[in-house]
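Input: a single structure, listed below in structure tokens.
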Amino acid sequence: MSSAQRRVVGFALSFAAGLGIVVLLVATVFTLGKLAAFFSGVLWPLALAAVLALIMRPVVEFVEQQFSLKRLTAVCAFYALFVCALGGLLVLLLPPLVDQLLHFVAYVPTLWEAVSSYFQAAFPDWIALVKRQLENPTVASIATSLGGEFEGLLSHALPSLRAAGAGALGVFGTVAQLALVPIYLFFFLLSRGTPTRHLPEHLGFMKTSLRQDVVFLVNEFIAIVVAFFRGQLLIALLMGVMLATGFSLVGLRFGLVIGLSLGLLNIVPYLGTIIGLCITVPLAFFQPEGGWQLVGLVLLVYVIVQNIEGWFLTPKIMGDRTGLHPVVVIVSIFFWGTAFGGVLGMLFAIPLTAFFVTLWRLIRHKYFAAITKSPELKNETSTGETLGD
């Protein structure tokens, strides 16, 4: 066999191996996504409690050390303080929030009627064209199919809401899942040390270097999850307060409940902004005292809040922990949201993507450096400070 033939055969084998790895990865992600969607009722409380435990552990340790308390006493004291603080916030904020929420739900039919009347008066030709086209059986069937796809997308993206609306049993199941979170959190907070302190003992079948890499990657993933959710929760709360304040000042109806809700939705990057524009712009235009001026003021609130978040909050609170481009962030949210059946995947999209970026950099640095001989790889690190040995 000639050298050219050997190169062709080597390229074909390498291509086939690479394609097989890609297929295996896709099949693995697909299988894990199906399992996560199927067991979402079990995974939701565990994931939420684990993330909250990682975020709250420093507070419990601070209380334990400063007051020389036992771990159990420190956790109980933390629970008592948290319940008192939460109760105080609910006493102050719950009445106006519930009042605005109920009025908003009652106002939705009026808003829809105002939107329909406006478009019928302003764009009669377009409305007539749409009505004529919908009388066409082919177009009607396509519209019906698209409507079914949209409903399926909503039920796929929000499985918990779908289950909650399934009747009394669904409501009971949702309440039971939420009730499990404080129980899981209590036992997670009782544990001491790092979550991976015993992991090397269970990986004795691996080589030392491989075991160190696995432990490093797990620690890095936990660090990314903690940094992301701790920072993103704080940013979301601050954005909610700023949006609620801004909407209320410019005169947007239901500004308090809408602003706080959109801020919390920003735990998933860009989600609150996208949904908020779809809600607040029509509301600002069609509310009784609204119009283009109020729409401009609402958009100005978005611009100010987004600039504060982009130029001050995120750099100061999050830093460059994930190191992901905004386009990568958006693609990862849709990818993991689809792979893991909705909100659960969207919440963990950024940590998962950052983890796989870290994994790729580690593999390239440790196992491909001898092949590439690229000096710049020697200076490249993961999302943490080092890549390990």
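Scheme for the structure tokens: letters A, B, ... for chains in order shown; per-chain residue numbers from 1; ligand numbers from 1 in order shown.
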Compile the contact shell of segment 95-101 of chain A as a compact mmCIF listing (two decimals) with N, CA and C atoms, in the first residue's frame: residues with an atom at most 6 Å away, counting only C-alpha atoms, same-chain residues fewer than 2 positions apart removed.
# COMPACT_ATOMS: atom_id res chain seq x y z
N LEU A 93 -44.90 42.73 50.80
CA LEU A 93 -45.06 42.72 49.34
C LEU A 93 -46.23 41.88 48.85
N HIS A 103 -55.79 41.77 39.30
CA HIS A 103 -56.27 42.79 38.38
C HIS A 103 -55.70 42.60 36.98
N PHE A 104 -54.45 42.15 36.89
CA PHE A 104 -53.84 41.90 35.58
C PHE A 104 -54.55 40.76 34.86
N PHE A 254 -49.80 47.64 36.56
CA PHE A 254 -49.28 46.36 37.09
C PHE A 254 -47.75 46.31 37.03
N VAL A 257 -45.80 43.95 39.87
CA VAL A 257 -45.79 42.50 39.70
C VAL A 257 -45.09 42.10 38.41
Contact residues around segment 294-303 of chain A with only C-alpha atoms at 8 Å, ignoring same-chain residues under 5 positions, as a compact mmCIF listing (two decimals) with N, CA and C atoms, in the first residue's frame:
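Wrote out18.txt, looks like this:
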# COMPACT_ATOMS: atom_id res chain seq x y z
N LEU A 243 -36.66 47.06 37.53
CA LEU A 243 -37.76 47.07 36.55
C LEU A 243 -39.08 47.46 37.20
N GLY A 246 -38.93 51.19 37.92
CA GLY A 246 -39.03 51.97 36.70
C GLY A 246 -40.41 51.94 36.08
N PHE A 247 -41.01 50.75 35.99
CA PHE A 247 -42.35 50.64 35.42
C PHE A 247 -43.37 51.42 36.25
N VAL A 250 -42.96 55.27 35.59
CA VAL A 250 -43.41 55.80 34.29
C VAL A 250 -44.92 55.63 34.11
N GLY A 251 -45.58 54.92 35.02
CA GLY A 251 -47.03 54.80 34.96
C GLY A 251 -47.56 53.57 34.27
N LEU A 252 -46.74 52.52 34.12
CA LEU A 252 -47.22 51.27 33.51
C LEU A 252 -48.11 50.54 34.51
N THR A 280 -45.02 44.05 28.04
CA THR A 280 -45.09 45.44 28.47
C THR A 280 -45.34 46.41 27.33
N VAL A 281 -44.79 46.15 26.14
CA VAL A 281 -44.98 47.09 25.03
C VAL A 281 -46.45 47.18 24.62
N ALA A 284 -48.33 48.94 27.49
CA ALA A 284 -48.08 50.38 27.55
C ALA A 284 -48.81 51.13 26.45
N PHE A 285 -48.96 50.52 25.29
CA PHE A 285 -49.62 51.21 24.17
C PHE A 285 -51.14 51.22 24.32
